[in-house]
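Working notes for the structure below.
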Amino acid sequence: MHIQIIGVGKLKEKYLVQGIAEYSKRLTPYIKFQITEVNDEKAPDTLSDAEVKIVKDKEGERILAQIKPDAHVVVLTLDGKLWSSEEMAAEIDRLGTYGSSHVVFVIGGSHGIGDEVLKRAQQRLCFGRMTLPHQLMRLVLVEQVYRAVKINRGEPYHK
């Protein structure tokens with residue numbers, strides 16, 4: 001199983017980098033795991049709707065360039081489906097067994113995800129109605145991937 005997370009922007013916060021590194025290290029005995037960062041589009045704080053679309057489209061091009069044709073793509077978006085940890089584990093297990101053994105989770109930038117990336121995705125996932133910073137979402141997602149792997153292996157997870 002190969003799980004890849006594609007995120008927009010470079011993580012700068014030390015605590016997020018350290019947390020992601022810890023969960024990545026924990027995952028390596030079980031699966032091939034990869035985090036890919038793509039550059040965010042530099043833009044002023046205040047943008048028109050048309051300018052936001054341009055930013056999302058440019059970031060989307062960078063995201064799509066990192067996705068292999070056979071990958072199963074899951075985008076994180078507020079209009080996605082809510083999964084419990086057990087449902088996420090079951091979906092990863094199902095994909096690994098019957099679908100694609102390469103699953104890509106996409107976390108957009110601060111303005112969201114472009115239309116072409118949404119079209120490429122087979123699934124949309126939502127972690128709740130609250131908005132979280134996209135950088136923090138990476139850590140939360142990596143932890144949930146680790147939890148899903150442990151659930152699928154029937155192993156205890158240190159809480």
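Every chain in the structure tokens takes a letter, A first, then B, and so on in the order presented; its residues are numbered from 1, and the ligands are numbered from 1 following the presented order.
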Near stretch 90-113 of chain A, 12 Å: stretch 9-49 of chain A residue rows, closest pairs, only C-alpha atoms, as a tab-separated table:
```
residue	atom	partner	partner_atom	distance
A:Gly9	CA	A:Gly109	CA	6.9
A:Lys10	CA	A:Gly109	CA	10.4
A:Leu11	CA	A:Gly109	CA	11.7
A:Ile31	CA	A:Ser101	CA	10.2
A:Lys32	CA	A:His102	CA	9.2
A:Phe33	CA	A:His102	CA	9.8
A:Gln34	CA	A:Val104	CA	9.3
A:Ile35	CA	A:Phe105	CA	9.5
A:Thr36	CA	A:Val106	CA	9.6
A:Glu37	CA	A:Ile107	CA	9.8
A:Val38	CA	A:Gly109	CA	9.6
A:Asn39	CA	A:Gly109	CA	9.3
A:Asp40	CA	A:Gly109	CA	6.7
A:Glu41	CA	A:Gly109	CA	8.7
A:Lys42	CA	A:Gly109	CA	10.9
A:Ala43	CA	A:His111	CA	10.5
A:Pro44	CA	A:His111	CA	11.8
A:Asp45	CA	A:Ser110	CA	10.4
A:Thr46	CA	A:His111	CA	11.2
A:Leu47	CA	A:His111	CA	10.0
A:Ser48	CA	A:His111	CA	11.5
A:Asp49	CA	A:His111	CA	10.3
```
Pick out the residues sitting within 10 Å of A:Pro156, and hand them over as a PDB file with C-alpha atoms, in the first residue's frame; count only C-alpha atoms, and ignore anything fewer than 5 positions along from it in its own chain.
```pdb
ATOM      1  CA  ARG A 147      -4.681   5.129  13.234  1.00  0.00           C
ATOM      2  CA  LYS A 150      -3.279   0.197  13.242  1.00  0.00           C
ATOM      3  CA  ILE A 151      -7.031  -0.532  13.117  1.00  0.00           C
TER       4      ILE A 151
END
```
Go through stretch 7-83 of chain A residue by residue and, counting only C-alpha atoms, keep those with an atom at most 10 Å from stretch 115-132 of chain A; for each kept residue give the shortest atom pair and its distance in Å to one decimal, ordered by chain and increasing number, as a tab-separated table.
```
residue	atom	partner	partner_atom	distance
A:Lys53	CA	A:Asp115	CA	8.7
A:Lys56	CA	A:Asp115	CA	8.0
A:Asp57	CA	A:Asp115	CA	7.2
A:Glu59	CA	A:Val117	CA	9.4
A:Gly60	CA	A:Val117	CA	5.8
A:Glu61	CA	A:Glu116	CA	8.0
A:Arg62	CA	A:Val117	CA	9.9
A:Ile63	CA	A:Val117	CA	7.5
A:Leu64	CA	A:Val117	CA	6.6
A:Ile67	CA	A:Arg120	CA	9.5
A:Pro69	CA	A:Arg120	CA	9.8
A:Ala71	CA	A:Ala121	CA	9.5
A:His72	CA	A:Gln122	CA	6.4
A:Val73	CA	A:Ala121	CA	4.6
A:Val74	CA	A:Gln123	CA	4.7
A:Val75	CA	A:Arg124	CA	4.9
A:Leu76	CA	A:Leu125	CA	4.8
A:Thr77	CA	A:Cys126	CA	5.4
A:Leu78	CA	A:Cys126	CA	5.3
A:Asp79	CA	A:Cys126	CA	6.6
A:Gly80	CA	A:Leu125	CA	4.2
A:Lys81	CA	A:Leu125	CA	4.8
A:Leu82	CA	A:Cys126	CA	5.1
A:Trp83	CA	A:Leu125	CA	7.3
```
Check: If you run DSSP on this backbone, which residues of stretch 17-139 of chain A come out as strand (DSSP E or B), and could you give them as number ranges by chain?
Finding: A: 32-38, 72-82, 102-107, 109, 112, 123-126
Can you write out the residues you just picked, keeping N, CA, C and O atoms, as a tab-separated table (two decimals), in the first residue's frame?
```tsv
chain	number	residue	atom	x	y	z
A	32	LYS	N	4.14	2.19	2.37
A	32	LYS	CA	4.97	3.22	1.75
A	32	LYS	C	4.20	4.52	1.95
A	32	LYS	O	3.03	4.63	1.57
A	33	PHE	N	4.84	5.49	2.58
A	33	PHE	CA	4.18	6.74	2.92
A	33	PHE	C	5.01	7.91	2.42
A	33	PHE	O	6.23	7.91	2.55
A	34	GLN	N	4.32	8.88	1.86
A	34	GLN	CA	5.02	10.01	1.25
A	34	GLN	C	4.20	11.28	1.45
A	34	GLN	O	2.98	11.27	1.29
A	35	ILE	N	4.88	12.36	1.78
A	35	ILE	CA	4.25	13.67	1.81
A	35	ILE	C	4.91	14.51	0.73
A	35	ILE	O	6.13	14.59	0.66
A	36	THR	N	4.08	15.11	-0.10
A	36	THR	CA	4.56	15.96	-1.19
A	36	THR	C	4.03	17.36	-0.97
A	36	THR	O	2.82	17.55	-0.83
A	37	GLU	N	4.94	18.31	-0.93
A	37	GLU	CA	4.53	19.71	-0.81
A	37	GLU	C	4.65	20.37	-2.18
A	37	GLU	O	5.64	20.16	-2.89
A	38	VAL	N	3.63	21.13	-2.54
A	38	VAL	CA	3.69	21.93	-3.76
A	38	VAL	C	3.65	23.40	-3.35
A	38	VAL	O	3.06	23.75	-2.33
A	72	HIS	N	-5.75	6.62	-6.67
A	72	HIS	CA	-7.10	6.93	-6.19
A	72	HIS	C	-6.98	8.21	-5.37
A	72	HIS	O	-6.23	8.27	-4.40
A	73	VAL	N	-7.71	9.25	-5.76
A	73	VAL	CA	-7.55	10.56	-5.15
A	73	VAL	C	-8.72	10.89	-4.22
A	73	VAL	O	-9.89	10.77	-4.61
A	74	VAL	N	-8.37	11.31	-3.02
A	74	VAL	CA	-9.34	11.75	-2.02
A	74	VAL	C	-8.97	13.18	-1.66
A	74	VAL	O	-7.87	13.44	-1.17
A	75	VAL	N	-9.88	14.12	-1.92
A	75	VAL	CA	-9.62	15.51	-1.55
A	75	VAL	C	-10.30	15.83	-0.23
A	75	VAL	O	-11.39	15.34	0.05
A	76	LEU	N	-9.63	16.63	0.57
A	76	LEU	CA	-10.21	17.10	1.81
A	76	LEU	C	-10.91	18.42	1.53
A	76	LEU	O	-10.29	19.37	1.06
A	77	THR	N	-12.21	18.44	1.77
A	77	THR	CA	-13.01	19.63	1.47
A	77	THR	C	-14.23	19.66	2.39
A	77	THR	O	-14.70	18.61	2.84
A	78	LEU	N	-14.71	20.85	2.65
A	78	LEU	CA	-15.84	20.99	3.58
A	78	LEU	C	-17.11	20.32	3.08
A	78	LEU	O	-17.99	19.98	3.87
A	79	ASP	N	-17.24	20.11	1.77
A	79	ASP	CA	-18.44	19.45	1.26
A	79	ASP	C	-18.24	17.94	1.09
A	79	ASP	O	-19.03	17.28	0.44
A	80	GLY	N	-17.20	17.42	1.70
A	80	GLY	CA	-16.92	15.99	1.61
A	80	GLY	C	-17.73	15.18	2.60
A	80	GLY	O	-18.48	15.71	3.41
A	81	LYS	N	-17.55	13.87	2.51
A	81	LYS	CA	-18.25	12.93	3.39
A	81	LYS	C	-17.50	12.83	4.72
A	81	LYS	O	-16.27	12.84	4.76
A	82	LEU	N	-18.24	12.73	5.79
A	82	LEU	CA	-17.65	12.53	7.11
A	82	LEU	C	-17.39	11.05	7.33
A	82	LEU	O	-18.28	10.23	7.14
A	102	HIS	N	-2.45	2.71	-4.53
A	102	HIS	CA	-1.85	4.03	-4.37
A	102	HIS	C	-2.98	5.02	-4.10
A	102	HIS	O	-3.77	5.34	-5.00
A	103	VAL	N	-3.06	5.50	-2.87
A	103	VAL	CA	-4.10	6.44	-2.46
A	103	VAL	C	-3.44	7.78	-2.19
A	103	VAL	O	-2.44	7.86	-1.48
A	104	VAL	N	-4.01	8.83	-2.78
A	104	VAL	CA	-3.50	10.18	-2.60
A	104	VAL	C	-4.56	11.02	-1.90
A	104	VAL	O	-5.69	11.12	-2.37
A	105	PHE	N	-4.18	11.60	-0.78
A	105	PHE	CA	-5.03	12.57	-0.09
A	105	PHE	C	-4.51	13.96	-0.45
A	105	PHE	O	-3.31	14.20	-0.41
A	106	VAL	N	-5.43	14.87	-0.80
A	106	VAL	CA	-5.04	16.22	-1.21
A	106	VAL	C	-5.61	17.23	-0.23
A	106	VAL	O	-6.81	17.24	0.04
A	107	ILE	N	-4.70	18.08	0.27
A	107	ILE	CA	-5.08	19.19	1.12
A	107	ILE	C	-4.75	20.46	0.36
A	107	ILE	O	-3.59	20.72	0.04
A	109	GLY	N	-4.71	24.68	-0.51
A	109	GLY	CA	-4.13	25.83	0.17
A	109	GLY	C	-5.17	26.61	0.95
A	109	GLY	O	-6.30	26.15	1.15
A	112	GLY	N	-8.53	26.94	-0.72
A	112	GLY	CA	-9.27	25.75	-1.09
A	112	GLY	C	-8.63	25.01	-2.25
A	112	GLY	O	-7.44	25.16	-2.52
A	123	GLN	N	-13.07	10.68	-4.49
A	123	GLN	CA	-13.81	10.86	-3.24
A	123	GLN	C	-13.47	12.21	-2.63
A	123	GLN	O	-12.40	12.76	-2.85
A	124	ARG	N	-14.44	12.68	-1.83
A	124	ARG	CA	-14.25	13.91	-1.06
A	124	ARG	C	-14.46	13.57	0.40
A	124	ARG	O	-15.42	12.90	0.76
A	125	LEU	N	-13.55	14.05	1.23
A	125	LEU	CA	-13.55	13.74	2.65
A	125	LEU	C	-13.58	15.04	3.44
A	125	LEU	O	-12.90	16.01	3.09
A	126	CYS	N	-14.38	15.04	4.51
A	126	CYS	CA	-14.47	16.19	5.40
A	126	CYS	C	-14.16	15.73	6.82
A	126	CYS	O	-14.67	14.71	7.27
```
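Rounded to one decimal, atom CA of A:Glu13 and atom CA of A:Val140 lie 14.4 Å from each other.
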Next item on the list: Find, counting only C-alpha atoms, the residue in A:Arg26, A:Pro133, A:Glu51, A:Gln66 that gets nearest to A:Val145.
Entry: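 Of A:Arg26, A:Pro133, A:Glu51, A:Gln66, the one nearest A:Val145 is A:Arg26, counting only C-alpha atoms.
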Notebook entry, point to check: as a VMD selection string, which residues of stretch 29-132 of chain A does DSSP assign to helix (DSSP H, G or I)?
Noted result: chain A and resid 49 to 64 85 to 98 115 to 120
I need the residues from that last selection saved to file as a PDB file, in the first residue's frame (with C-alpha atoms), if you can.
```pdb
ATOM      1  CA  ASP A  49     -13.463  35.863  -6.492  1.00  0.00           C
ATOM      2  CA  ALA A  50     -11.834  35.770  -9.930  1.00  0.00           C
ATOM      3  CA  GLU A  51      -8.365  36.137  -8.394  1.00  0.00           C
ATOM      4  CA  VAL A  52      -9.086  33.361  -5.865  1.00  0.00           C
ATOM      5  CA  LYS A  53     -10.055  31.087  -8.755  1.00  0.00           C
ATOM      6  CA  ILE A  54      -6.763  31.868 -10.514  1.00  0.00           C
ATOM      7  CA  VAL A  55      -4.806  31.042  -7.348  1.00  0.00           C
ATOM      8  CA  LYS A  56      -6.675  27.755  -6.863  1.00  0.00           C
ATOM      9  CA  ASP A  57      -6.204  26.830 -10.522  1.00  0.00           C
ATOM     10  CA  LYS A  58      -2.442  27.466 -10.425  1.00  0.00           C
ATOM     11  CA  GLU A  59      -2.045  25.491  -7.204  1.00  0.00           C
ATOM     12  CA  GLY A  60      -4.264  22.802  -8.736  1.00  0.00           C
ATOM     13  CA  GLU A  61      -1.915  22.444 -11.703  1.00  0.00           C
ATOM     14  CA  ARG A  62       0.952  21.827  -9.297  1.00  0.00           C
ATOM     15  CA  ILE A  63      -1.101  19.265  -7.380  1.00  0.00           C
ATOM     16  CA  LEU A  64      -2.188  17.395 -10.508  1.00  0.00           C
ATOM     17  CA  SER A  85     -11.653   6.531  12.028  1.00  0.00           C
ATOM     18  CA  GLU A  86     -13.030   3.024  11.538  1.00  0.00           C
ATOM     19  CA  GLU A  87     -14.695   3.997   8.253  1.00  0.00           C
ATOM     20  CA  MET A  88     -11.454   5.521   7.011  1.00  0.00           C
ATOM     21  CA  ALA A  89      -9.589   2.342   7.950  1.00  0.00           C
ATOM     22  CA  ALA A  90     -12.176   0.223   6.123  1.00  0.00           C
ATOM     23  CA  GLU A  91     -11.952   2.420   3.018  1.00  0.00           C
ATOM     24  CA  ILE A  92      -8.147   2.247   2.940  1.00  0.00           C
ATOM     25  CA  ASP A  93      -8.352  -1.521   3.373  1.00  0.00           C
ATOM     26  CA  ARG A  94     -10.953  -1.796   0.598  1.00  0.00           C
ATOM     27  CA  LEU A  95      -8.885   0.300  -1.787  1.00  0.00           C
ATOM     28  CA  GLY A  96      -5.755  -1.693  -1.056  1.00  0.00           C
ATOM     29  CA  THR A  97      -7.556  -4.967  -1.670  1.00  0.00           C
ATOM     30  CA  TYR A  98      -9.962  -4.193  -4.500  1.00  0.00           C
ATOM     31  CA  ASP A 115     -12.011  22.662  -9.923  1.00  0.00           C
ATOM     32  CA  GLU A 116      -9.680  20.423 -11.946  1.00  0.00           C
ATOM     33  CA  VAL A 117      -8.405  18.721  -8.788  1.00  0.00           C
ATOM     34  CA  LEU A 118     -11.978  18.202  -7.608  1.00  0.00           C
ATOM     35  CA  LYS A 119     -12.816  16.629 -10.990  1.00  0.00           C
ATOM     36  CA  ARG A 120      -9.811  14.278 -10.713  1.00  0.00           C
TER      37      ARG A 120
END
```
Next item on the list: To one decimal in Å, tell me the separation between atom CA of A:Ala21 and atom CA of A:Met1.
Entry: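 Interatomic distance, atom CA of A:Ala21 to atom CA of A:Met1: 19.1 Å.
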